[in-house]
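Engineer: Sharing a structure below in structure tokens format, with a few things to ask.
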Amino acid sequence: RAVFQPDGTRRALKADVQHSDAWDRQDRGVADRVGSDVIPNPALSSALDRTVHVTRGGLTYRDSGPRHVASLGVHLEQTWLDGRVRDLDAFVDRRALRLLPSASLTYTFPRDQRLTLRYQAQTSQPTLGQLQPVANNSNPLNVYVGNPDLRAEPRHTLSARFFHFDTFSLTNTSVAVRATYTPTAISTDRTIDDRFRQRRTPINYGSSWRVTGNAAYGTPIRSVRTKVTASATAVYQRQTERVNGEDNASDIVRATLDLGIENQRKVWLAVRAGARVAYNRSTYSLSPECDRSYVRRTFYAEGSAELGSSWFLGTALDLEWVPEDVFGASRQLPLWSAEVSRSVGAQTRLQLVANDLLDQGLRVRYAAAGAFIQEERVQTLGRHVLLKLIVALSGVRR
């Protein structure tokens, strides 16, 4: 790495060359049990060695001033993916040469306002599991077969962030947007039969978009010594898969709004309460009858107190409405936990934790992807209490 910057100037030119090697290995042995005998199954077993060599070099021009810092760079990247499926004696050899530009600008406005813009091009190599050409039938209804012909994904990322902090009113505002475009994404070729058994294989197919945005605002109410916070997050994702030989373009939208209030001076007591609303929508070009949208609503409250230098008390309550829009069953799900802990030495803490005090015994999670929406209901232990002894190597931590 070399930097050329004449004395007394605000401009600099940096030249750099980097080389890296990453090696990994994956062994997957499968055997069949026949009576009391265990017989290896070579047709479903696999072992893959993979080495990724990356050589990267280029120039970056940097200009800095009283209010701005700007840079513009271009790098040439040579990648070589060298792999071998040992059981099948098959080889993976992928080489690519790409030009990767980058640019950034940070500008500081008066009154503690800052704007940052960035653009970067990069590549992402396929994983070991995506490369192995052997069927994984651990779930017979969802068989996965890797593809040794996969190529790396080129990605283009553009981001912007604005931040402002008013030192007089102690009000903070931030807004950020990030967009990632992949022209030839690693997608999925999915085959589903009339009994709903599917077989999945990763392929380089189509383009994908992912745009995320978030905004946050916080301001104190000095008359009652509290602070009000508001945050919003939005995610848009578009990708294309092949389902039974046809294109299926999916659009997934998630948006969350969170409003909270908390005490301003947290000397020994911290209290926070608020509400959160999350909107989710998934649409599919191939099967519009499977389009779904739902809203999750949550009220939360939490508090903690430090009593002297030894005792700590904490509790949290989430009251969530599980929607009926997706799978036709809705319910309220209150989750309450509490904690009491005490320091019994310089590096030791005794902690008593109670989970699910209202004995609900259930967790509900949702997941949406390019070809499905999934609700997962997990039966948990219900009400239970744990006694922990925590020993820290450097100081006591809760």
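Following the order of the structure tokens, first chain is A, next is B, and so on, with residues numbered from 1 inside each chain and ligands from 1 in the order they appear.
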Per DSSP on the backbone, filter range 108-199 of chain A down to the residues in strand (DSSP E or B) and report them as a PyMOL selection string.

Structural biologist: chain A and resi 108-109+113-124+135-136+142-145+153-166+171-182+186-192+198-199

Engineer: Those same residues - C-alpha atoms - I'd like them written as an mmCIF file, in the first residue's frame.

Structural biologist:
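The resulting file, result-v7.cif, is reproduced below:
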```
data_model
loop_
_atom_site.group_PDB
_atom_site.id
_atom_site.type_symbol
_atom_site.label_atom_id
_atom_site.label_comp_id
_atom_site.auth_asym_id
_atom_site.auth_seq_id
_atom_site.Cartn_x
_atom_site.Cartn_y
_atom_site.Cartn_z
ATOM 1 C CA THR A 108 -20.923 18.393 7.595
ATOM 2 C CA PHE A 109 -23.519 21.165 7.644
ATOM 3 C CA GLN A 113 -25.811 18.037 10.718
ATOM 4 C CA ARG A 114 -24.001 15.423 8.662
ATOM 5 C CA LEU A 115 -24.784 13.730 5.331
ATOM 6 C CA THR A 116 -22.936 10.624 4.128
ATOM 7 C CA LEU A 117 -23.267 9.085 0.648
ATOM 8 C CA ARG A 118 -21.559 5.856 -0.428
ATOM 9 C CA TYR A 119 -21.443 3.588 -3.473
ATOM 10 C CA GLN A 120 -19.582 0.289 -3.667
ATOM 11 C CA ALA A 121 -19.369 -2.615 -6.087
ATOM 12 C CA GLN A 122 -18.390 -6.023 -4.745
ATOM 13 C CA THR A 123 -18.793 -9.765 -5.338
ATOM 14 C CA SER A 124 -20.142 -12.627 -3.212
ATOM 15 C CA ALA A 135 -29.033 -34.487 -2.744
ATOM 16 C CA ASN A 136 -29.706 -33.583 0.874
ATOM 17 C CA ASN A 142 -37.862 -30.615 0.692
ATOM 18 C CA VAL A 143 -34.803 -32.065 -1.065
ATOM 19 C CA TYR A 144 -31.868 -29.719 -1.749
ATOM 20 C CA VAL A 145 -29.237 -30.337 -4.435
ATOM 21 C CA GLU A 153 -22.858 -12.661 -7.488
ATOM 22 C CA PRO A 154 -21.878 -9.117 -8.457
ATOM 23 C CA ARG A 155 -23.500 -6.544 -6.149
ATOM 24 C CA HIS A 156 -23.940 -2.788 -6.339
ATOM 25 C CA THR A 157 -24.757 -0.965 -3.104
ATOM 26 C CA LEU A 158 -25.773 2.693 -2.729
ATOM 27 C CA SER A 159 -26.431 4.183 0.699
ATOM 28 C CA ALA A 160 -27.244 7.560 2.202
ATOM 29 C CA ARG A 161 -27.413 8.665 5.839
ATOM 30 C CA PHE A 162 -28.342 11.975 7.432
ATOM 31 C CA PHE A 163 -27.793 12.692 11.134
ATOM 32 C CA HIS A 164 -28.591 15.754 13.216
ATOM 33 C CA PHE A 165 -28.162 16.367 16.938
ATOM 34 C CA ASP A 166 -29.305 19.599 18.521
ATOM 35 C CA THR A 171 -33.060 16.314 20.025
ATOM 36 C CA ASN A 172 -31.618 13.744 17.610
ATOM 37 C CA THR A 173 -32.797 12.898 14.098
ATOM 38 C CA SER A 174 -31.404 10.288 11.729
ATOM 39 C CA VAL A 175 -32.506 8.981 8.327
ATOM 40 C CA ALA A 176 -30.784 6.208 6.349
ATOM 41 C CA VAL A 177 -31.473 4.448 3.048
ATOM 42 C CA ARG A 178 -29.561 1.513 1.548
ATOM 43 C CA ALA A 179 -30.216 -0.146 -1.823
ATOM 44 C CA THR A 180 -28.509 -3.282 -3.156
ATOM 45 C CA TYR A 181 -28.882 -4.452 -6.757
ATOM 46 C CA THR A 182 -27.661 -7.837 -7.972
ATOM 47 C CA ILE A 186 -28.081 -16.708 -6.954
ATOM 48 C CA SER A 187 -31.719 -17.762 -7.062
ATOM 49 C CA THR A 188 -33.560 -21.109 -6.820
ATOM 50 C CA ASP A 189 -34.908 -23.558 -9.358
ATOM 51 C CA ARG A 190 -37.803 -25.199 -7.512
ATOM 52 C CA THR A 191 -39.760 -28.262 -8.699
ATOM 53 C CA ILE A 192 -42.988 -29.151 -6.854
ATOM 54 C CA GLN A 198 -40.214 -30.099 -3.738
ATOM 55 C CA ARG A 199 -36.686 -30.279 -5.043
#
```

Engineer: Tell me which protein, DNA and RNA residues are within 12 Å of Leu317 in chain A, counting only C-alpha atoms, leaving out same-chain ones fewer than 3 positions away, and put them as a list of chain:residue names.

Structural biologist: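 Near neighbours after the sequence-gap exclusion: A:Val271, A:Arg272, A:Ala273, A:Gly274, A:Ala275, A:Thr298, A:Phe299, A:Tyr300, A:Ala301, A:Glu302, A:Gly303, A:Gly314, A:Glu320, A:Leu333, A:Pro334, A:Leu335, A:Trp336, A:Ser337, A:Ala338, A:Asn355, A:Asp356, A:Leu357, A:Leu358.
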
Engineer: Would you save the residues from that selection as a tab-separated table (two decimals), in the first residue's frame, using C-alpha atoms?

Structural biologist:
```tsv
chain	number	residue	atom	x	y	z
A	271	VAL	CA	-38.29	2.64	32.64
A	272	ARG	CA	-39.52	2.35	29.06
A	273	ALA	CA	-42.93	1.65	27.49
A	274	GLY	CA	-44.38	1.86	24.02
A	275	ALA	CA	-46.14	0.26	21.10
A	298	THR	CA	-47.17	-5.28	20.25
A	299	PHE	CA	-47.36	-3.25	23.46
A	300	TYR	CA	-44.26	-3.43	25.63
A	301	ALA	CA	-43.06	-2.19	28.99
A	302	GLU	CA	-39.77	-2.78	30.75
A	303	GLY	CA	-38.01	-1.49	33.81
A	314	GLY	CA	-35.53	-6.05	36.08
A	320	GLU	CA	-48.57	-9.23	21.22
A	333	LEU	CA	-49.86	-13.54	23.57
A	334	PRO	CA	-48.57	-11.88	26.77
A	335	LEU	CA	-44.95	-12.67	27.60
A	336	TRP	CA	-43.66	-11.57	31.01
A	337	SER	CA	-40.18	-12.11	32.44
A	338	ALA	CA	-38.36	-10.88	35.54
A	355	ASN	CA	-39.46	-16.57	32.14
A	356	ASP	CA	-43.01	-16.75	30.80
A	357	LEU	CA	-44.54	-15.91	34.18
A	358	LEU	CA	-48.08	-16.06	32.72
```

Engineer: To one decimal place in Å, what is the distance between CA of Gly83 in chain A and CA of Gln18 in chain A?

Structural biologist: 21.9 Å

Engineer: Between A:Ala12, A:Val340, A:Val211, A:Val353, single out the one closest to His384 in chain A, counting only C-alpha atoms.

Structural biologist: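 Of the candidates, the smallest distance to His384 in chain A is held by A:Val353.
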
Engineer: Between CA of Lys388 in chain A and CA of Leu307 in chain A, what distance in Å does the model show, to one decimal?

Structural biologist: 19.4 Å

Engineer: Within 8 Å of Ser45 in chain A, counting only C-alpha atoms, which residues qualify if same-chain residues fewer than 2 places away don't, as a list in words?

Structural biologist: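 So, after excluding close chain neighbours, the residues are Arg28, Gly29, Val30, Asn41, Pro42, Ala43, Ala47, Asp87 and Val134 of chain A.
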
Engineer: Could you list, with a cut-off of 6 Å and counting only C-alpha atoms, the residues of range 77-157 of chain A near range 62-72 of chain A, each shown with its nearest atom pair and the distance in Å rounded to one decimal, rows sorted by chain and ascending number, as a Markdown table?

Structural biologist:
```
| residue | atom | partner | partner_atom | distance |
| --- | --- | --- | --- | --- |
| A:Ser102 | CA | A:Leu72 | CA | 6.0 |
| A:Ala103 | CA | A:Leu72 | CA | 4.4 |
| A:Ser104 | CA | A:Ser71 | CA | 5.3 |
| A:Leu105 | CA | A:Ala70 | CA | 4.4 |
| A:Thr106 | CA | A:Val69 | CA | 5.2 |
| A:Tyr107 | CA | A:His68 | CA | 4.4 |
| A:Thr108 | CA | A:Arg67 | CA | 5.1 |
```

Engineer: Just to be explicit: take each residue in the selection above, keep all heavy atoms, and write the result as an mmCIF file, in the first residue's frame.

Structural biologist:
```cif
data_model
loop_
_atom_site.group_PDB
_atom_site.id
_atom_site.type_symbol
_atom_site.label_atom_id
_atom_site.label_comp_id
_atom_site.auth_asym_id
_atom_site.auth_seq_id
_atom_site.Cartn_x
_atom_site.Cartn_y
_atom_site.Cartn_z
ATOM 1 N N SER A 102 -15.872 2.581 -6.617
ATOM 2 C CA SER A 102 -16.404 2.984 -5.323
ATOM 3 C C SER A 102 -16.326 4.507 -5.221
ATOM 4 O O SER A 102 -15.502 5.154 -5.868
ATOM 5 C CB SER A 102 -15.631 2.341 -4.164
ATOM 6 O OG SER A 102 -14.276 2.767 -4.174
ATOM 7 N N ALA A 103 -17.204 5.069 -4.402
ATOM 8 C CA ALA A 103 -17.227 6.516 -4.195
ATOM 9 C C ALA A 103 -17.891 6.804 -2.861
ATOM 10 O O ALA A 103 -18.766 6.046 -2.410
ATOM 11 C CB ALA A 103 -17.976 7.223 -5.323
ATOM 12 N N SER A 104 -17.489 7.893 -2.220
ATOM 13 C CA SER A 104 -18.109 8.287 -0.958
ATOM 14 C C SER A 104 -17.992 9.793 -0.783
ATOM 15 O O SER A 104 -17.076 10.434 -1.315
ATOM 16 C CB SER A 104 -17.455 7.571 0.232
ATOM 17 O OG SER A 104 -16.135 8.022 0.425
ATOM 18 N N LEU A 105 -18.929 10.349 -0.029
ATOM 19 C CA LEU A 105 -18.925 11.777 0.285
ATOM 20 C C LEU A 105 -19.539 11.956 1.664
ATOM 21 O O LEU A 105 -20.634 11.469 1.942
ATOM 22 C CB LEU A 105 -19.727 12.570 -0.742
ATOM 23 C CG LEU A 105 -19.991 14.048 -0.391
ATOM 24 C CD1 LEU A 105 -18.673 14.818 -0.351
ATOM 25 C CD2 LEU A 105 -20.961 14.679 -1.371
ATOM 26 N N THR A 106 -18.821 12.633 2.541
ATOM 27 C CA THR A 106 -19.327 13.023 3.849
ATOM 28 C C THR A 106 -19.279 14.539 3.941
ATOM 29 O O THR A 106 -18.203 15.137 3.780
ATOM 30 C CB THR A 106 -18.502 12.398 4.983
ATOM 31 O OG1 THR A 106 -18.578 10.970 4.888
ATOM 32 C CG2 THR A 106 -19.037 12.822 6.337
ATOM 33 N N TYR A 107 -20.430 15.152 4.181
ATOM 34 C CA TYR A 107 -20.510 16.612 4.252
ATOM 35 C C TYR A 107 -21.125 17.005 5.588
ATOM 36 O O TYR A 107 -22.178 16.489 5.970
ATOM 37 C CB TYR A 107 -21.357 17.179 3.109
ATOM 38 C CG TYR A 107 -21.260 18.681 2.988
ATOM 39 C CD1 TYR A 107 -20.247 19.271 2.262
ATOM 40 C CD2 TYR A 107 -22.188 19.497 3.636
ATOM 41 C CE1 TYR A 107 -20.141 20.652 2.161
ATOM 42 C CE2 TYR A 107 -22.094 20.879 3.543
ATOM 43 C CZ TYR A 107 -21.071 21.449 2.808
ATOM 44 O OH TYR A 107 -20.971 22.815 2.720
ATOM 45 N N THR A 108 -20.454 17.920 6.298
ATOM 46 C CA THR A 108 -20.923 18.393 7.595
ATOM 47 C C THR A 108 -21.531 19.778 7.432
ATOM 48 O O THR A 108 -20.830 20.725 7.044
ATOM 49 C CB THR A 108 -19.775 18.430 8.605
ATOM 50 O OG1 THR A 108 -19.190 17.126 8.714
ATOM 51 C CG2 THR A 108 -20.278 18.864 9.974
#
```

Engineer: Between A:Arg254, A:Arg222, A:Arg238, A:Arg84, which residue has the minimum interatomic distance to Ala278 in chain A, considering only C-alpha atoms?

Structural biologist: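 So, comparing all the options, the nearest one is A:Arg254.
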
Engineer: Kindly indicate which residue among A:Asn248, A:Gln347, A:Ser169, A:Asn280 lies nearest to Pro323 in chain A, using only C-alpha atoms for the distances.

Structural biologist: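 When distances to Pro323 in chain A are compared using only C-alpha atoms, the smallest one comes from A:Asn280.
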
Engineer: Provide the CA of Ala15 in chain A to CA of Pro101 in chain A distance in Å, to one decimal place.

Structural biologist: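 Calculated distance between CA of Ala15 in chain A and CA of Pro101 in chain A is 13.9 Å.
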
Engineer: Just list as a list in words whatever in range 109-322 of chain A DSSP marks as alpha helix (DSSP H).

Structural biologist: Leu128, Gly129, Gln130 and Leu131 of chain A

Engineer: Which one is closest to Leu128 in chain A: A:Arg296, A:Arg111, A:Arg363, A:Arg50? Count only C-alpha atoms.

Structural biologist: A:Arg50

Engineer: Within 7 Å of Ala185 in chain A, counting only C-alpha atoms, which residues show up once you throw out same-chain ones fewer than 3 positions away? Write them as a list in words, please.

Structural biologist: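 Here the qualifying residues turn out to be Glu153, Thr182, Asn204, Tyr205, Gly206, Ser207 and Ser208 of chain A.
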
Engineer: Deliver the residues from the most recent selection as a file, using N, CA, C and O atoms, as a PDB file, in the first residue's frame.

Structural biologist:
```
ATOM      1  N   GLU A 153     -21.882 -13.729  -7.294  1.00  0.00           N
ATOM      2  CA  GLU A 153     -22.858 -12.661  -7.488  1.00  0.00           C
ATOM      3  C   GLU A 153     -22.152 -11.306  -7.498  1.00  0.00           C
ATOM      4  O   GLU A 153     -21.453 -10.971  -6.542  1.00  0.00           O
ATOM      5  N   THR A 182     -28.463  -6.709  -7.497  1.00  0.00           N
ATOM      6  CA  THR A 182     -27.661  -7.837  -7.972  1.00  0.00           C
ATOM      7  C   THR A 182     -28.145  -8.222  -9.358  1.00  0.00           C
ATOM      8  O   THR A 182     -29.251  -8.765  -9.504  1.00  0.00           O
ATOM      9  N   ASN A 204     -27.869 -19.298 -11.057  1.00  0.00           N
ATOM     10  CA  ASN A 204     -27.687 -17.874 -11.373  1.00  0.00           C
ATOM     11  C   ASN A 204     -28.801 -17.472 -12.309  1.00  0.00           C
ATOM     12  O   ASN A 204     -28.803 -17.838 -13.487  1.00  0.00           O
ATOM     13  N   TYR A 205     -29.761 -16.719 -11.780  1.00  0.00           N
ATOM     14  CA  TYR A 205     -30.929 -16.442 -12.604  1.00  0.00           C
ATOM     15  C   TYR A 205     -31.571 -15.131 -12.175  1.00  0.00           C
ATOM     16  O   TYR A 205     -31.877 -14.929 -11.001  1.00  0.00           O
ATOM     17  N   GLY A 206     -31.779 -14.248 -13.123  1.00  0.00           N
ATOM     18  CA  GLY A 206     -32.512 -13.021 -12.869  1.00  0.00           C
ATOM     19  C   GLY A 206     -31.760 -12.047 -11.988  1.00  0.00           C
ATOM     20  O   GLY A 206     -30.615 -12.258 -11.596  1.00  0.00           O
ATOM     21  N   SER A 207     -32.409 -10.959 -11.683  1.00  0.00           N
ATOM     22  CA  SER A 207     -31.840  -9.922 -10.842  1.00  0.00           C
ATOM     23  C   SER A 207     -32.632  -9.818  -9.545  1.00  0.00           C
ATOM     24  O   SER A 207     -33.742 -10.336  -9.440  1.00  0.00           O
ATOM     25  N   SER A 208     -32.058  -9.162  -8.570  1.00  0.00           N
ATOM     26  CA  SER A 208     -32.740  -8.973  -7.297  1.00  0.00           C
ATOM     27  C   SER A 208     -32.471  -7.571  -6.781  1.00  0.00           C
ATOM     28  O   SER A 208     -31.416  -6.978  -7.049  1.00  0.00           O
TER      29      SER A 208
END
```
